[in-house]
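Enquirer: As input, take run16.txt (compact mmCIF, N, CA and C atoms):
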# COMPACT_ATOMS: atom_id res chain seq x y z
N MET E 8 111.30 18.52 22.69
CA MET E 8 110.03 18.14 22.09
C MET E 8 109.88 16.62 22.14
N LEU E 9 108.71 16.18 22.55
CA LEU E 9 108.45 14.74 22.62
C LEU E 9 108.08 14.21 21.24
N ASP E 10 108.63 13.07 20.90
CA ASP E 10 108.19 12.46 19.65
C ASP E 10 107.08 11.46 19.96
N ARG E 11 106.47 10.93 18.93
CA ARG E 11 105.32 10.05 19.08
C ARG E 11 105.64 8.82 19.92
N ALA E 12 106.83 8.24 19.78
CA ALA E 12 107.21 7.05 20.54
C ALA E 12 107.25 7.37 22.03
N ASP E 13 107.82 8.52 22.40
CA ASP E 13 107.88 8.91 23.81
C ASP E 13 106.48 9.10 24.38
N LEU E 14 105.60 9.71 23.61
CA LEU E 14 104.23 9.94 24.04
C LEU E 14 103.53 8.62 24.27
N GLU E 15 103.68 7.70 23.34
CA GLU E 15 103.03 6.38 23.48
C GLU E 15 103.61 5.61 24.66
N GLU E 16 104.92 5.68 24.88
CA GLU E 16 105.54 5.01 26.02
C GLU E 16 105.02 5.60 27.33
N GLY E 17 104.87 6.90 27.38
CA GLY E 17 104.34 7.55 28.57
C GLY E 17 102.91 7.13 28.84
N ARG E 18 102.10 7.07 27.78
CA ARG E 18 100.71 6.64 27.94
C ARG E 18 100.64 5.20 28.43
N GLU E 19 101.46 4.33 27.86
CA GLU E 19 101.47 2.92 28.27
C GLU E 19 101.89 2.77 29.73
N ALA E 20 102.90 3.54 30.15
CA ALA E 20 103.34 3.49 31.54
C ALA E 20 102.22 3.95 32.48
N LEU E 21 101.54 5.02 32.10
CA LEU E 21 100.42 5.52 32.90
C LEU E 21 99.32 4.47 32.99
N LEU E 22 98.98 3.85 31.88
CA LEU E 22 97.92 2.84 31.87
C LEU E 22 98.29 1.64 32.74
N GLN E 23 99.57 1.25 32.75
CA GLN E 23 100.00 0.15 33.61
C GLN E 23 99.84 0.50 35.08
N GLU E 24 100.23 1.72 35.45
CA GLU E 24 100.08 2.18 36.83
C GLU E 24 98.61 2.22 37.24
N LEU E 25 97.76 2.76 36.36
CA LEU E 25 96.33 2.85 36.66
C LEU E 25 95.68 1.48 36.74
N ALA E 26 96.12 0.55 35.91
CA ALA E 26 95.57 -0.81 35.96
C ALA E 26 95.93 -1.48 37.29
N ALA E 27 97.15 -1.30 37.75
CA ALA E 27 97.56 -1.87 39.04
C ALA E 27 96.75 -1.23 40.17
N TYR E 28 96.55 0.07 40.09
CA TYR E 28 95.76 0.78 41.10
C TYR E 28 94.32 0.26 41.09
N ARG E 29 93.75 0.08 39.92
CA ARG E 29 92.38 -0.41 39.80
C ARG E 29 92.25 -1.81 40.40
N ARG E 30 93.23 -2.67 40.15
CA ARG E 30 93.19 -4.02 40.71
C ARG E 30 93.24 -3.97 42.24
N THR E 31 94.06 -3.08 42.78
CA THR E 31 94.22 -2.98 44.22
C THR E 31 92.99 -2.39 44.89
N LYS E 32 92.47 -1.30 44.33
CA LYS E 32 91.38 -0.57 44.96
C LYS E 32 89.99 -0.99 44.49
N GLY E 33 89.90 -1.54 43.29
CA GLY E 33 88.61 -1.95 42.77
C GLY E 33 87.76 -0.82 42.20
N HIS E 34 88.34 0.35 42.01
CA HIS E 34 87.59 1.48 41.47
C HIS E 34 87.47 1.39 39.95
N GLN E 35 86.43 2.02 39.44
CA GLN E 35 86.32 2.18 37.99
C GLN E 35 87.26 3.34 37.62
N VAL E 36 88.14 3.13 36.66
CA VAL E 36 89.12 4.14 36.28
C VAL E 36 88.95 4.45 34.80
N THR E 37 88.86 5.75 34.49
CA THR E 37 88.78 6.21 33.11
C THR E 37 89.87 7.25 32.91
N VAL E 38 90.63 7.10 31.85
CA VAL E 38 91.65 8.09 31.50
C VAL E 38 91.27 8.68 30.15
N VAL E 39 91.46 9.99 30.01
CA VAL E 39 91.04 10.68 28.79
C VAL E 39 92.27 11.29 28.13
N PHE E 40 92.45 10.99 26.86
CA PHE E 40 93.54 11.56 26.07
C PHE E 40 92.94 12.40 24.94
N ASP E 41 93.71 13.36 24.47
CA ASP E 41 93.28 14.09 23.29
C ASP E 41 93.25 13.12 22.12
N GLY E 42 92.36 13.39 21.16
CA GLY E 42 92.06 12.49 20.05
C GLY E 42 93.25 11.83 19.39
N ARG E 43 93.07 10.57 19.16
CA ARG E 43 94.09 9.78 18.49
C ARG E 43 94.14 10.17 17.02
N GLU E 44 95.33 10.33 16.50
CA GLU E 44 95.51 10.67 15.08
C GLU E 44 94.63 11.86 14.67
N ARG E 45 94.77 12.94 15.40
CA ARG E 45 94.01 14.18 15.15
C ARG E 45 92.52 14.02 15.39
N GLY E 46 92.14 13.00 16.13
CA GLY E 46 90.73 12.83 16.50
C GLY E 46 89.89 12.30 15.37
N GLY E 47 88.91 11.52 15.74
CA GLY E 47 87.96 11.00 14.77
C GLY E 47 86.72 11.87 14.79
N VAL E 48 85.75 11.47 14.00
CA VAL E 48 84.50 12.21 13.93
C VAL E 48 83.73 12.04 15.24
N SER E 49 83.90 10.88 15.87
CA SER E 49 83.22 10.65 17.14
C SER E 49 84.25 10.27 18.21
N GLU E 50 83.84 10.44 19.44
CA GLU E 50 84.69 10.08 20.57
C GLU E 50 84.84 8.56 20.59
N SER E 51 86.03 8.07 20.90
CA SER E 51 86.22 6.62 20.96
C SER E 51 86.66 6.21 22.36
N ALA E 52 86.29 4.99 22.72
CA ALA E 52 86.65 4.45 24.03
C ALA E 52 87.07 3.00 23.86
N THR E 53 88.10 2.61 24.58
CA THR E 53 88.58 1.23 24.58
C THR E 53 88.86 0.84 26.03
N LYS E 54 89.14 -0.43 26.25
CA LYS E 54 89.51 -0.93 27.57
C LYS E 54 90.94 -1.45 27.48
N ALA E 55 91.74 -1.13 28.48
CA ALA E 55 93.11 -1.64 28.56
C ALA E 55 93.33 -2.10 29.99
N ALA E 56 93.39 -3.40 30.21
CA ALA E 56 93.61 -3.98 31.54
C ALA E 56 92.58 -3.47 32.55
N GLY E 57 91.34 -3.34 32.11
CA GLY E 57 90.27 -2.90 33.00
C GLY E 57 90.12 -1.40 33.13
N VAL E 58 91.01 -0.64 32.53
CA VAL E 58 90.95 0.82 32.56
C VAL E 58 90.29 1.30 31.27
N THR E 59 89.27 2.14 31.41
CA THR E 59 88.62 2.70 30.23
C THR E 59 89.48 3.83 29.69
N VAL E 60 89.79 3.76 28.40
CA VAL E 60 90.61 4.79 27.75
C VAL E 60 89.72 5.50 26.74
N ARG E 61 89.59 6.81 26.90
CA ARG E 61 88.77 7.60 25.98
C ARG E 61 89.66 8.58 25.24
N TYR E 62 89.34 8.76 23.96
CA TYR E 62 90.01 9.74 23.12
C TYR E 62 88.96 10.75 22.68
N SER E 63 89.29 12.03 22.79
CA SER E 63 88.34 13.05 22.37
C SER E 63 88.19 13.01 20.85
N ARG E 64 87.05 13.50 20.38
CA ARG E 64 86.82 13.54 18.94
C ARG E 64 87.48 14.78 18.34
N GLN E 65 87.52 14.83 17.06
CA GLN E 65 88.13 15.95 16.36
C GLN E 65 87.42 17.25 16.74
N GLY E 66 88.19 18.28 17.06
CA GLY E 66 87.63 19.57 17.43
C GLY E 66 87.25 19.68 18.90
N GLU E 67 87.48 18.63 19.67
CA GLU E 67 87.17 18.64 21.10
C GLU E 67 88.43 18.28 21.88
N THR E 68 88.65 18.94 23.00
CA THR E 68 89.83 18.64 23.80
C THR E 68 89.49 17.59 24.86
N ALA E 69 90.53 16.97 25.38
CA ALA E 69 90.35 16.02 26.48
C ALA E 69 89.74 16.73 27.69
N ASP E 70 90.11 17.99 27.90
CA ASP E 70 89.56 18.77 29.01
C ASP E 70 88.03 18.86 28.92
N GLU E 71 87.51 19.05 27.72
CA GLU E 71 86.06 19.13 27.54
C GLU E 71 85.40 17.78 27.84
N VAL E 72 86.05 16.70 27.44
CA VAL E 72 85.51 15.36 27.71
C VAL E 72 85.51 15.12 29.23
N ILE E 73 86.58 15.50 29.90
CA ILE E 73 86.66 15.32 31.36
C ILE E 73 85.54 16.10 32.04
N GLY E 74 85.32 17.33 31.60
CA GLY E 74 84.23 18.14 32.17
C GLY E 74 82.88 17.48 31.97
N ARG E 75 82.65 16.93 30.79
CA ARG E 75 81.38 16.27 30.51
C ARG E 75 81.22 15.02 31.37
N LEU E 76 82.28 14.23 31.50
CA LEU E 76 82.22 13.01 32.32
C LEU E 76 82.01 13.35 33.79
N ALA E 77 82.64 14.43 34.26
CA ALA E 77 82.45 14.87 35.65
C ALA E 77 80.99 15.25 35.88
N GLY E 78 80.38 15.89 34.89
CA GLY E 78 78.97 16.26 35.00
C GLY E 78 78.07 15.04 35.04
N GLU E 79 78.43 14.00 34.30
CA GLU E 79 77.64 12.77 34.29
C GLU E 79 77.80 12.01 35.60
N GLY E 80 79.02 12.02 36.16
CA GLY E 80 79.28 11.26 37.39
C GLY E 80 78.93 12.00 38.65
N ARG E 81 78.94 13.32 38.59
CA ARG E 81 78.65 14.20 39.73
C ARG E 81 79.39 13.77 40.99
N GLU E 82 78.66 13.48 42.08
CA GLU E 82 79.30 13.19 43.36
C GLU E 82 80.09 11.89 43.37
N ARG E 83 79.85 11.02 42.41
CA ARG E 83 80.59 9.76 42.36
C ARG E 83 81.94 9.92 41.69
N ALA E 84 82.13 11.01 40.97
CA ALA E 84 83.35 11.19 40.18
C ALA E 84 84.47 11.84 40.99
N VAL E 85 85.68 11.39 40.72
CA VAL E 85 86.87 12.02 41.26
C VAL E 85 87.76 12.33 40.06
N VAL E 86 88.06 13.60 39.88
CA VAL E 86 88.86 14.04 38.73
C VAL E 86 90.29 14.29 39.20
N VAL E 87 91.24 13.71 38.48
CA VAL E 87 92.65 13.90 38.79
C VAL E 87 93.24 14.77 37.68
N SER E 88 93.69 15.94 38.05
CA SER E 88 94.28 16.87 37.09
C SER E 88 95.01 17.96 37.84
N SER E 89 96.01 18.52 37.23
CA SER E 89 96.66 19.67 37.82
C SER E 89 96.30 20.94 37.06
N ASP E 90 95.39 20.82 36.12
CA ASP E 90 94.90 21.96 35.34
C ASP E 90 93.79 22.64 36.14
N ARG E 91 94.01 23.88 36.51
CA ARG E 91 93.04 24.60 37.35
C ARG E 91 91.66 24.71 36.71
N ALA E 92 91.63 24.95 35.41
CA ALA E 92 90.34 25.09 34.72
C ALA E 92 89.57 23.77 34.75
N VAL E 93 90.26 22.65 34.55
CA VAL E 93 89.61 21.34 34.58
C VAL E 93 89.07 21.07 35.98
N MET E 94 89.88 21.38 37.00
CA MET E 94 89.46 21.15 38.39
C MET E 94 88.26 22.04 38.75
N ALA E 95 88.28 23.28 38.30
CA ALA E 95 87.17 24.19 38.60
C ALA E 95 85.87 23.69 37.96
N GLU E 96 85.95 23.24 36.72
CA GLU E 96 84.77 22.71 36.03
C GLU E 96 84.25 21.46 36.75
N ALA E 97 85.15 20.59 37.15
CA ALA E 97 84.75 19.36 37.85
C ALA E 97 84.07 19.69 39.17
N ARG E 98 84.61 20.65 39.90
CA ARG E 98 84.00 21.05 41.18
C ARG E 98 82.60 21.63 40.95
N ARG E 99 82.45 22.43 39.88
CA ARG E 99 81.13 22.98 39.57
C ARG E 99 80.11 21.87 39.32
N CYS E 100 80.58 20.76 38.79
CA CYS E 100 79.69 19.63 38.52
C CYS E 100 79.45 18.77 39.76
N GLY E 101 80.16 19.04 40.84
CA GLY E 101 79.98 18.27 42.06
C GLY E 101 80.98 17.16 42.26
N ALA E 102 81.95 17.04 41.36
CA ALA E 102 82.96 15.99 41.47
C ALA E 102 84.05 16.42 42.44
N ALA E 103 84.68 15.45 43.05
CA ALA E 103 85.84 15.71 43.90
C ALA E 103 87.07 15.83 43.01
N CYS E 104 88.08 16.55 43.46
CA CYS E 104 89.29 16.75 42.66
C CYS E 104 90.54 16.42 43.46
N LEU E 105 91.49 15.86 42.77
CA LEU E 105 92.83 15.64 43.32
C LEU E 105 93.83 16.17 42.31
N SER E 106 94.88 16.79 42.81
CA SER E 106 95.95 17.19 41.90
C SER E 106 96.72 15.94 41.50
N SER E 107 97.47 16.04 40.44
CA SER E 107 98.27 14.90 39.98
C SER E 107 99.25 14.47 41.06
N ILE E 108 99.83 15.42 41.77
CA ILE E 108 100.79 15.11 42.84
C ILE E 108 100.10 14.33 43.96
N GLU E 109 98.91 14.78 44.37
CA GLU E 109 98.16 14.08 45.43
C GLU E 109 97.83 12.65 44.99
N PHE E 110 97.45 12.49 43.72
CA PHE E 110 97.11 11.16 43.24
C PHE E 110 98.35 10.27 43.18
N LEU E 111 99.49 10.82 42.80
CA LEU E 111 100.73 10.03 42.79
C LEU E 111 101.05 9.53 44.19
N GLU E 112 100.82 10.36 45.20
CA GLU E 112 101.04 9.92 46.59
C GLU E 112 100.10 8.77 46.94
N LYS E 113 98.85 8.85 46.49
CA LYS E 113 97.90 7.77 46.73
C LYS E 113 98.31 6.50 45.99
N LEU E 114 98.83 6.65 44.78
CA LEU E 114 99.33 5.49 44.03
C LEU E 114 100.47 4.82 44.79
N ASP E 115 101.39 5.63 45.29
CA ASP E 115 102.52 5.08 46.05
C ASP E 115 102.05 4.36 47.31
N THR E 116 101.12 4.98 48.04
CA THR E 116 100.58 4.37 49.26
C THR E 116 99.88 3.06 48.93
N SER E 117 99.11 3.05 47.86
CA SER E 117 98.40 1.85 47.44
C SER E 117 99.38 0.76 47.04
N ARG E 118 100.43 1.12 46.33
CA ARG E 118 101.45 0.16 45.88
C ARG E 118 102.15 -0.45 47.09
N ILE E 119 102.50 0.36 48.06
CA ILE E 119 103.18 -0.13 49.27
C ILE E 119 102.27 -1.06 50.05
N ALA E 120 100.99 -0.68 50.19
CA ALA E 120 100.03 -1.52 50.91
C ALA E 120 99.85 -2.86 50.20
N ALA E 121 99.85 -2.85 48.87
CA ALA E 121 99.69 -4.09 48.11
C ALA E 121 100.90 -5.01 48.32
N VAL E 122 102.09 -4.42 48.37
CA VAL E 122 103.30 -5.21 48.58
C VAL E 122 103.32 -5.79 49.99
N LYS E 123 102.94 -4.98 50.97
CA LYS E 123 102.92 -5.43 52.36
C LYS E 123 101.77 -6.39 52.64
N GLY E 124 100.75 -6.33 51.80
CA GLY E 124 99.59 -7.19 51.99
C GLY E 124 98.65 -6.71 53.07
N GLY E 125 98.76 -5.46 53.43
CA GLY E 125 97.92 -4.92 54.49
C GLY E 125 97.05 -3.80 53.99
N GLU E 126 96.42 -3.14 54.91
CA GLU E 126 95.57 -2.01 54.60
C GLU E 126 96.40 -0.74 54.55
N GLU E 127 95.90 0.21 53.79
CA GLU E 127 96.54 1.51 53.74
C GLU E 127 96.30 2.24 55.05
N GLU E 128 97.29 3.03 55.44
CA GLU E 128 97.09 3.86 56.62
C GLU E 128 96.20 5.02 56.23
N THR E 129 95.22 5.31 57.04
CA THR E 129 94.36 6.43 56.75
C THR E 129 94.65 7.54 57.73
N GLU E 130 94.54 8.74 57.24
CA GLU E 130 94.76 9.88 58.11
C GLU E 130 93.55 10.03 59.01
N SER E 131 93.80 10.10 60.30
CA SER E 131 92.68 10.29 61.21
C SER E 131 92.94 11.54 62.03
N ARG E 132 91.86 12.18 62.37
CA ARG E 132 91.97 13.39 63.17
C ARG E 132 92.13 12.98 64.62
N PRO E 133 93.00 13.64 65.36
CA PRO E 133 93.14 13.31 66.77
C PRO E 133 91.85 13.62 67.51
N GLN E 134 91.52 12.75 68.44
CA GLN E 134 90.32 12.96 69.23
C GLN E 134 90.57 14.06 70.24
N LYS E 135 89.64 14.95 70.33
CA LYS E 135 89.76 16.06 71.25
C LYS E 135 89.22 15.63 72.61
N SER E 136 89.98 15.86 73.61
CA SER E 136 89.50 15.52 74.94
C SER E 136 89.03 16.80 75.64
N GLY E 137 88.17 16.64 76.58
CA GLY E 137 87.68 17.81 77.30
C GLY E 137 86.37 18.29 76.74
N LYS E 138 85.93 19.37 77.31
CA LYS E 138 84.64 19.91 76.90
C LYS E 138 84.81 21.01 75.87
N GLY E 139 83.73 21.38 75.28
CA GLY E 139 83.77 22.46 74.31
C GLY E 139 83.32 21.99 72.95
N THR E 140 83.15 22.92 72.07
CA THR E 140 82.72 22.62 70.72
C THR E 140 83.86 21.99 69.94
N ALA E 141 83.60 20.85 69.36
CA ALA E 141 84.62 20.20 68.54
C ALA E 141 84.78 20.98 67.25
N ARG E 142 85.98 21.06 66.76
CA ARG E 142 86.20 21.75 65.48
C ARG E 142 85.72 20.83 64.37
N ARG E 143 84.86 21.36 63.56
CA ARG E 143 84.27 20.59 62.48
C ARG E 143 84.54 21.29 61.17
N LEU E 144 84.91 20.50 60.18
CA LEU E 144 85.15 21.05 58.86
C LEU E 144 83.84 21.59 58.28
N PRO E 145 83.91 22.59 57.42
CA PRO E 145 82.70 23.06 56.75
C PRO E 145 82.06 21.92 55.96
N LYS E 146 80.77 22.03 55.75
CA LYS E 146 79.98 20.98 55.11
C LYS E 146 80.56 20.56 53.75
N ALA E 147 80.96 21.51 52.94
CA ALA E 147 81.50 21.19 51.61
C ALA E 147 82.79 20.39 51.73
N GLN E 148 83.63 20.73 52.70
CA GLN E 148 84.88 19.99 52.89
C GLN E 148 84.61 18.59 53.44
N ARG E 149 83.60 18.45 54.30
CA ARG E 149 83.26 17.12 54.82
C ARG E 149 82.76 16.23 53.69
N ARG E 150 81.94 16.80 52.79
CA ARG E 150 81.43 16.04 51.65
C ARG E 150 82.57 15.60 50.74
N MET E 151 83.50 16.53 50.47
CA MET E 151 84.64 16.22 49.61
C MET E 151 85.51 15.14 50.27
N SER E 152 85.68 15.22 51.56
CA SER E 152 86.47 14.24 52.29
C SER E 152 85.85 12.85 52.18
N ARG E 153 84.50 12.78 52.28
CA ARG E 153 83.82 11.50 52.13
C ARG E 153 84.03 10.94 50.74
N GLN E 154 83.98 11.79 49.72
CA GLN E 154 84.16 11.35 48.34
C GLN E 154 85.57 10.81 48.13
N LEU E 155 86.55 11.46 48.73
CA LEU E 155 87.94 11.06 48.51
C LEU E 155 88.39 9.93 49.41
N ARG E 156 87.62 9.59 50.41
CA ARG E 156 88.03 8.58 51.39
C ARG E 156 88.38 7.26 50.72
N GLY E 157 87.63 6.84 49.74
CA GLY E 157 87.88 5.56 49.10
C GLY E 157 88.90 5.59 48.00
N VAL E 158 89.40 6.75 47.65
CA VAL E 158 90.33 6.86 46.51
C VAL E 158 91.70 6.39 46.89
Do you think you could lay out the structure here as structure tokens?

Expert:
Amino acid sequence: MLDRADLEEGREALLQELAAYRRTKGHQVTVVFDGRERGGVSESATKAAGVTVRYSRQGETADEVIGRLAGEGRERAVVVSSDRAVMAEARRCGAACLSSIEFLEKLDTSRIAAVKGGEEETESRPQKSGKGTARRLPKAQRRMSRQLRGV
């Protein structure tokens, strides 16, 4: 069982990683935690090193706040979660989704690029030579790919 100190240390470590990522990529980053001290009457938000930190209000889960924010951001939003229900709700709202593992890989790639001082390597599809119909991703996957390209 995690005690309060471990939870706070974990949150601080996450916020440091996200702040470094935000500085490197320039994205707006919001992290949502379940309500502080059993939640307040209203949702609270603070800034920590350029990262917006939101706490759900009493009686509301962080998952519900994430769903609401995804609905507000729609195609501009990218939700990072490994919770299937959260990802499904975000997709219904039009947001792109990344699992926590996929985002950790992006964090690592971003960190390495920042240390090297260069650009991140991007995955590119090999060019098809010859004639014939090029294989094209379905429209929904192409849209999702465009949304995630800058992440």

Enquirer: Restricting the calculation to only C-alpha atoms, which member of E:Gly17, E:Arg150, E:Cys100, E:Ala121 is positioned closest to Glu79 in chain E?

Expert: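 For Glu79 in chain E, the nearest of the given residues is E:Cys100.
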
Enquirer: As number ranges by chain, please: the residues near range 70-75 of chain E (cut-off 7 Å, only N, CA and C atoms, same-chain neighbours under 5 positions excluded).

Expert: E: 39-41, 63, 80, 93, 96-97

Enquirer: Given the selection you just returned, output its residues as a file containing N, CA and C atoms, formatted as an mmCIF file, keeping the file's coordinate frame.

Expert:
data_model
loop_
_atom_site.group_PDB
_atom_site.id
_atom_site.type_symbol
_atom_site.label_atom_id
_atom_site.label_comp_id
_atom_site.auth_asym_id
_atom_site.auth_seq_id
_atom_site.Cartn_x
_atom_site.Cartn_y
_atom_site.Cartn_z
ATOM 1 N N VAL E 39 91.460 9.990 30.010
ATOM 2 C CA VAL E 39 91.040 10.680 28.790
ATOM 3 C C VAL E 39 92.270 11.290 28.130
ATOM 4 N N PHE E 40 92.450 10.990 26.860
ATOM 5 C CA PHE E 40 93.540 11.560 26.070
ATOM 6 C C PHE E 40 92.940 12.400 24.940
ATOM 7 N N ASP E 41 93.710 13.360 24.470
ATOM 8 C CA ASP E 41 93.280 14.090 23.290
ATOM 9 C C ASP E 41 93.250 13.120 22.120
ATOM 10 N N SER E 63 89.290 12.030 22.790
ATOM 11 C CA SER E 63 88.340 13.050 22.370
ATOM 12 C C SER E 63 88.190 13.010 20.850
ATOM 13 N N GLY E 80 79.020 12.020 36.160
ATOM 14 C CA GLY E 80 79.280 11.260 37.390
ATOM 15 C C GLY E 80 78.930 12.000 38.650
ATOM 16 N N VAL E 93 90.260 22.650 34.550
ATOM 17 C CA VAL E 93 89.610 21.340 34.580
ATOM 18 C C VAL E 93 89.070 21.070 35.980
ATOM 19 N N GLU E 96 85.950 23.240 36.720
ATOM 20 C CA GLU E 96 84.770 22.710 36.030
ATOM 21 C C GLU E 96 84.250 21.460 36.750
ATOM 22 N N ALA E 97 85.150 20.590 37.150
ATOM 23 C CA ALA E 97 84.750 19.360 37.850
ATOM 24 C C ALA E 97 84.070 19.690 39.170
#

Enquirer: Considering only N, CA and C atoms, can you say which of E:Leu14, E:Ala84, E:Val60, E:Ala77 comes closest to Thr37 in chain E?

Expert: E:Val60

Enquirer: Between atom C of Ala95 in chain E and CA of Gln65 in chain E, what is the spacing in Å?

Expert: 23.1 Å

Enquirer: For Ala27 in chain E, please output as a list in words all residues within 8 Å (counting all atoms listed in the file; exclusion window: fewer than 4 positions along the same chain).

Expert: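 Listing them by chain and then by number gives Leu21, Leu22, Gln23, Thr31, Lys32, Gly33, Ala56, Ser117 and Arg118 of chain E.
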
Enquirer: Those selected residues, please, written with N, CA and C atoms and delivered as a PDB file, in the coordinates of the input.

Expert:
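What ended up in again-v1.pdb:
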ATOM      1  N   LEU E  21     101.540   5.020  32.100  1.00  0.00           N
ATOM      2  CA  LEU E  21     100.420   5.520  32.900  1.00  0.00           C
ATOM      3  C   LEU E  21      99.320   4.470  32.990  1.00  0.00           C
ATOM      4  N   LEU E  22      98.980   3.850  31.880  1.00  0.00           N
ATOM      5  CA  LEU E  22      97.920   2.840  31.870  1.00  0.00           C
ATOM      6  C   LEU E  22      98.290   1.640  32.740  1.00  0.00           C
ATOM      7  N   GLN E  23      99.570   1.250  32.750  1.00  0.00           N
ATOM      8  CA  GLN E  23     100.000   0.150  33.610  1.00  0.00           C
ATOM      9  C   GLN E  23      99.840   0.500  35.080  1.00  0.00           C
ATOM     10  N   THR E  31      94.060  -3.080  42.780  1.00  0.00           N
ATOM     11  CA  THR E  31      94.220  -2.980  44.220  1.00  0.00           C
ATOM     12  C   THR E  31      92.990  -2.390  44.890  1.00  0.00           C
ATOM     13  N   LYS E  32      92.470  -1.300  44.330  1.00  0.00           N
ATOM     14  CA  LYS E  32      91.380  -0.570  44.960  1.00  0.00           C
ATOM     15  C   LYS E  32      89.990  -0.990  44.490  1.00  0.00           C
ATOM     16  N   GLY E  33      89.900  -1.540  43.290  1.00  0.00           N
ATOM     17  CA  GLY E  33      88.610  -1.950  42.770  1.00  0.00           C
ATOM     18  C   GLY E  33      87.760  -0.820  42.200  1.00  0.00           C
ATOM     19  N   ALA E  56      93.390  -3.400  30.210  1.00  0.00           N
ATOM     20  CA  ALA E  56      93.610  -3.980  31.540  1.00  0.00           C
ATOM     21  C   ALA E  56      92.580  -3.470  32.550  1.00  0.00           C
ATOM     22  N   SER E 117      99.110   3.050  47.860  1.00  0.00           N
ATOM     23  CA  SER E 117      98.400   1.850  47.440  1.00  0.00           C
ATOM     24  C   SER E 117      99.380   0.760  47.040  1.00  0.00           C
ATOM     25  N   ARG E 118     100.430   1.120  46.330  1.00  0.00           N
ATOM     26  CA  ARG E 118     101.450   0.160  45.880  1.00  0.00           C
ATOM     27  C   ARG E 118     102.150  -0.450  47.090  1.00  0.00           C
TER      28      ARG E 118
END

Enquirer: May I ask for the distance between CA of Val58 in chain E and CA of Val36 in chain E, given in Å to one decimal place?

Expert: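 Interatomic distance here is 5.3 Å.
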
Enquirer: Please, what distance in Å, to one decimal, runs between CA of Leu76 in chain E and CA of Glu112 in chain E?

Expert: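 Between CA of Leu76 in chain E and CA of Glu112 in chain E the gap works out to 23.8 Å.
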
Enquirer: Pick out each residue of range 11-118 of chain E that DSSP on the backbone tags as helix (DSSP H, G or I); I need them as number ranges by chain.

Expert: E: 11-32, 43-45, 69-83, 91-99, 107-118

Enquirer: For Arg153 in chain E, which of E:Ala92, E:Ala102, E:Ala69, E:Leu25 is the closest residue, counting only C-alpha atoms?

Expert: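 The closest residue to Arg153 in chain E is E:Ala102.
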